[in-house]
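Comments concern the structure below.
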Amino acid sequence: MRRLFFPFLTVLCLIAPLSDGFAQISASSADFDTQTITLALTQEPPQLNSMKATDQVSALILGHVMEGLLSYDRRGKIIPGVAEKWEIDSTGATFWLRKDARWSDGKPVTADDFLFAWQTALKPETASEYSFILYSIGNAEDINKGKKPTESLAVTVVDDHTLTVEFETPIGYFDKLVAFTTFFPARRDFFKARGDSYGADAKDLLFNGPFRMTDWVHSASLKMVKNEHYWDRDNIHLNAINADYITEDSRARLNLYIDGKIVHTRLDGETYKDALTQRQRIRSFTTGSVFYLEYNFREDRITTNRNLRKAIQHVFDPEEFVNKVLATPGNLPGRSLFPVWLGGVEDKFRREYKAAEPKIDLALARDYLEKAKVELGVEKIPPLVLLVGNSPTSAKQAEYLQGVFKEKLDIDVKIDIQTFKQRLAKMTSGDFDMVAAGWGPDFDDIMTFGDLFASWNLNNRGRYNNPDYDRLVRIGMTSADPKTRMDAMGELQRILTEDAVIIPQYEQGVIYLMHPKVKGVVRRVVGADPDFRRARIVK
Amino acid sequence: MTDSTLLKTRLQAVSNLDFSPSDTVQSAEQISRPSLSYWQDAWIRLKKNTRALVSLYIVIGLALFTLAGPILWQVDPALQDLNQLSQAPSLPKQAIFVEEHTRWEGIVLENFPAEPEAFLDVLPAPTNLRTAETATTQAVRIAWDPVVGAGGYAVYRNQHLPESINDLGLPLGTKLAGNEVSYEDRLNVEGRDYYYSIVSTDGYDESDTYITLKVTPDLAITKTEALSRGLITEESIVANGETIDLEFHPFGTDYLGRDMLARLMEGARVSLFIGIVAPFLYVMFGIFYGGFAGYFGGNLDAILMRFADFVVALPFLLFMILFKIAFGIGPGESGVLPMLIALVLLGWPATARLVRGQVLQIRTQGYIEAARLLGAKDHYLIIRHIIPNTMGVILVTLTFAVPAAIFTEAFLSFIGMGVAPPTPSWGSMCNEGVKTMLSHPHELFFPALFISTTVLAFNLLGDGLTEALDSRMRSRE
């Protein structure tokens, strides 16, 4: 064992002399003449069947090679996609498809392609994890559970270029849903010809988006070129997107970027200081995800005590947390379950419905704590188990919380560090008092967050159960009137703070490097991110 | 005697001294210096070995640091000082009192368009970049003049003067409207030079020009913070702008503003506890086991030593994990006890082998045979002859086992198997420190220095003891 001592020192010596030379990005990752960019993917997409895709990398690729009925513009507003106009009311929706929308083999994109994709996604044997997102369509849930045949889906193909949808219940955000990956089209004859291998390789897919995939060497590289049949091809400037590298190692990606091999990489707490010393231009972007502390509301847990939760609420300062503990730029202090970018009635939701900010007040917190002790009948609050992930920063965050709880409330905290899968298992089985959790949006509507703590939601891991909350969620899901929905969500936001259901920590920001000559790249909170569809390379 | 006296008298009488035989010097057989015991001799030789002696003083110093240190340096090692995050070692600092921080709505120009009416090809950089208020470490508020055609601004902060547009530093944030012309920075602001840069954007893309302002925020503290840190009392009357001494951190602070010196002292307790108790226990067991096997020999020896070989083959890390589970050590609880047990249960064979070899050798020596013939019993032989003669080997094993155990603890805490936060150990402190090695080297340097020094001191002391306790080297100058 003594021998270990020497390798340890050797390793230290090897790491120490890191070069800080100024690295100039060469032109190879973004070539002006050919309008070609090179990327590194973090992971290999498991497969590219849009009906089954769940992960971020698949969403990124599919967002470039496919197009739904509707799409998002640079500002995140809904714009026409395959559908050139649409009408949505409380009972249903009608989409008129553009005549010049074509698949990459030149055949037109028709209404049947959407019907077929949606039916396939709902088939029980497809086992799509995102099938629930289609439940607002009439009979969708029954089809998915095998109670009705797929033909009963309340979608009608009026003609090749007209599609009507009947809703199960009124829904106020169907336009935003149809821009989601699961709603992308698939052509019946092609899908049947490929069978199970649909989406498994470049040749096993048909594309209707601005790009088409030409080459997919598994776990090595993936190539996309401009789709010459795309209806808006004149506004697509890039000729090719080459994902030549697939690596999860952020330091390897940073080195690739510095060597001029790729145009974009995300930085983390470990690599951003290197990027700074390398004098790279760092940018930041808010991912739209919210991170919070979730309590366990199962009966035998002391966190069911509201006064205890209130006491914690009044000592946790999200601003201090963001500025001093996270201490990387881009994060916003958490004030609500609803992040700032969500739209409200007319303006942003958070501007229309201000989130209450619990005052950081030690005396008040201790009052609550005393009440909690009386109610629980204990002299001292027993140690709380805080479940966190195993990233380097989450241990630091947990230690900060442990310090705050101990110093201000004299509550001991045991930190339970687990891998993502294990943490999810423990969350599901309820083996925690508090858990550091986060939620990223699926679609651009407030309900992607709002229904999180509904009693029926499986992602409500703490089993919070409040009939008022459930009632408000139902209003939010089924009402077609924006004002009614937002009022309900405003009330729901108030309950979340009032009842201290969660302690919002921060809205996540990321920092990244983007080749300075690549313009028009859009960072999105929902959909393909980063979005290179309308990007161009300047001289 | 009488004869010689007579002779002497006679010789003196005849004064024939030259022909007399020389006097027998009785004292010739006397030893010229006082008799030295084994230990006295060993100590004398150890004292001549400067390296070993210095190591001995370091070991004594460490013991004092661990035991007496916390009495002299009464700082809570878990107390987080968020005003002094990752501070390098420095002299005491002073801060000025400022108002409690209140939300700043910023400057939004009413008569300026939020979104540009037309996109310009070239956007100029903003002008008149200035601090809106006195910059303090609580908040830095900067403002600038709007740019026609801008749909927003990006704010950057760097620690050196930017050399180009690619060298602006941290992207603090963006303003998404052309008429929002101020920014408040509270992101871990320290009392050092900062270079703030502003770049205009059209709402999406940033322009290629920028303006930079150098700001040096004053170290500031609010009354609430000073109260919670115990720097002032409720009754103290302090005016804004008054200066106050901040807590002194001679070894700096870590990533949560905890005092490094206090943490090193508390960490030493865990590291040295494991480092001394575990080897002591397993060396004791090893002596007993090895002595037994060696002395009785034969089949018993063969069986016992094969069992020792079996234990050597057991993987330590796996057992460490198994013990952790077997003891029901839940998440977030200290793993020091299973670590101790795993070390003791798996560490003894080396000592046992060494002692056995030594005993095998000693028991065939002539003096043992002689003692046995004189009727000495087994236990007398073991206690009087064998153990003292193996003492040198035993002490040396012990001094080498101590650094090994300290290093094992450091290694296990480094990979997260050891102590649970907030309790520090030198190993876990290294683990935290290595993440910020380039930006805050002191967080790694001090615990690493302590581990290295301790391990080196015990090793050198062990070397010194080997030489000093070797009885064959005795009195050889």
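Letters A, B, ... go to the chains of the structure tokens in the order shown; residues in each chain start at 1; ligands are counted from 1 in the same order.
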
Could you give me, as a PyMOL selection string, the residues within 12 Å of B:Pro77, counting only C-alpha atoms and dropping anything in the same chain fewer than 5 positions from it? (chain A and resi 403+407) or (chain B and resi 70+249+253-254+256-267+421-425)

Return as CSV the residues of chain A lying at most 6 Å from chain B, together with the closest atom-to-atom pair for each and the distance in Å to one decimal, counting only C-alpha atoms, with rows in chain order and ascending residue number.
residue,atom,partner,partner_atom,distance
A:Met1,CA,B:Ala404,CA,5.8
A:Arg2,CA,B:Ala404,CA,4.9
A:Arg279,CA,B:Asp167,CA,4.8
A:Gln280,CA,B:Asn166,CA,5.4
A:Arg281,CA,B:Asn166,CA,4.3
A:Arg283,CA,B:Pro171,CA,5.5
A:Ser284,CA,B:Pro171,CA,5.9
A:Asn323,CA,B:Leu187,CA,4.4
A:Lys324,CA,B:Asn188,CA,5.2
A:Pro329,CA,B:Leu172,CA,5.2
A:Lys414,CA,B:Gly332,CA,4.4
A:Ile415,CA,B:Gly332,CA,4.4
A:Asp416,CA,B:Pro331,CA,4.8

Give me, as JSON, numbers by chain, the residues of stretch 21-81 of chain B that a backbone DSSP run labels helix (DSSP H, G or I). {"B": [26, 27, 28, 29, 38, 39, 40, 41, 42, 43, 44, 45, 46, 47, 48, 50, 51, 52, 53, 54, 55, 56, 57, 58, 59, 60, 61, 62, 63, 64, 65, 66, 67, 69, 70, 71, 72]}

Restricting the calculation to only C-alpha atoms, which member of A:Glu491, A:Asp431, A:Asp55, A:Glu357 is positioned closest to A:Gly450?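 Checking each candidate against A:Gly450, we get A:Glu491 as the closest.
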
A:Phe174, A:Ala240, A:Leu60, A:Asp499 ranked by distance to A:Arg306, top pick (using only C-alpha atoms):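 Smallest distance to A:Arg306 is found for A:Asp499.
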
Check the smallest atom-to-atom distance from each of B:Val140, B:Val122, B:Ala114, B:Ala226 to B:Gly152 using only C-alpha atoms, then report the winner. B:Ala114

Determine, counting only C-alpha atoms, which protein, DNA and RNA residues have an atom within 9 Å of an atom of B:Lys324; residues of the same chain fewer than 5 positions away are not included. Present the result as a PyMOL selection string. chain B and resi 319+329-330+335+337-339

Pull C-alpha atoms from the residues just selected and write them as a PDB file, in the first residue's frame.
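Saved result, again26.pdb, follows:
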ATOM      1  CA  PHE B 319     -13.957  -6.064   2.041  1.00  0.00           C
ATOM      2  CA  ILE B 329     -23.554   2.113   7.591  1.00  0.00           C
ATOM      3  CA  GLY B 330     -26.175   4.075   5.754  1.00  0.00           C
ATOM      4  CA  GLY B 335     -17.184   4.811   7.161  1.00  0.00           C
ATOM      5  CA  LEU B 337     -15.184   2.128  11.693  1.00  0.00           C
ATOM      6  CA  PRO B 338     -15.509  -0.387   8.818  1.00  0.00           C
ATOM      7  CA  MET B 339     -12.300   1.056   7.433  1.00  0.00           C
TER       8      MET B 339
END

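In this structure, atom CA of A:Gly106 sits 17.4 Å away from atom CA of A:Gly81.
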
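Atom CA of B:Gln87 is found 5.0 Å from atom CA of B:Gly252.
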
Figure out the distance between atom CA of A:Leu401 and atom CA of A:Lys310, please, to one decimal in Å.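 Computing it gives 15.2 Å between the two atoms.
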
Polymer residues at most 12 Å from B:Gly149, only C-alpha atoms, same-chain spacing of 5 or more positions, as a VMD selection string: chain B and resid 112 to 126 177 to 179 200 to 203 207

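Proximity to A:Asp259 was assessed for A:Ser28, A:Asp33, A:Trp341, A:Ile302 counting only C-alpha atoms; the smallest distance is recorded for A:Ser28.
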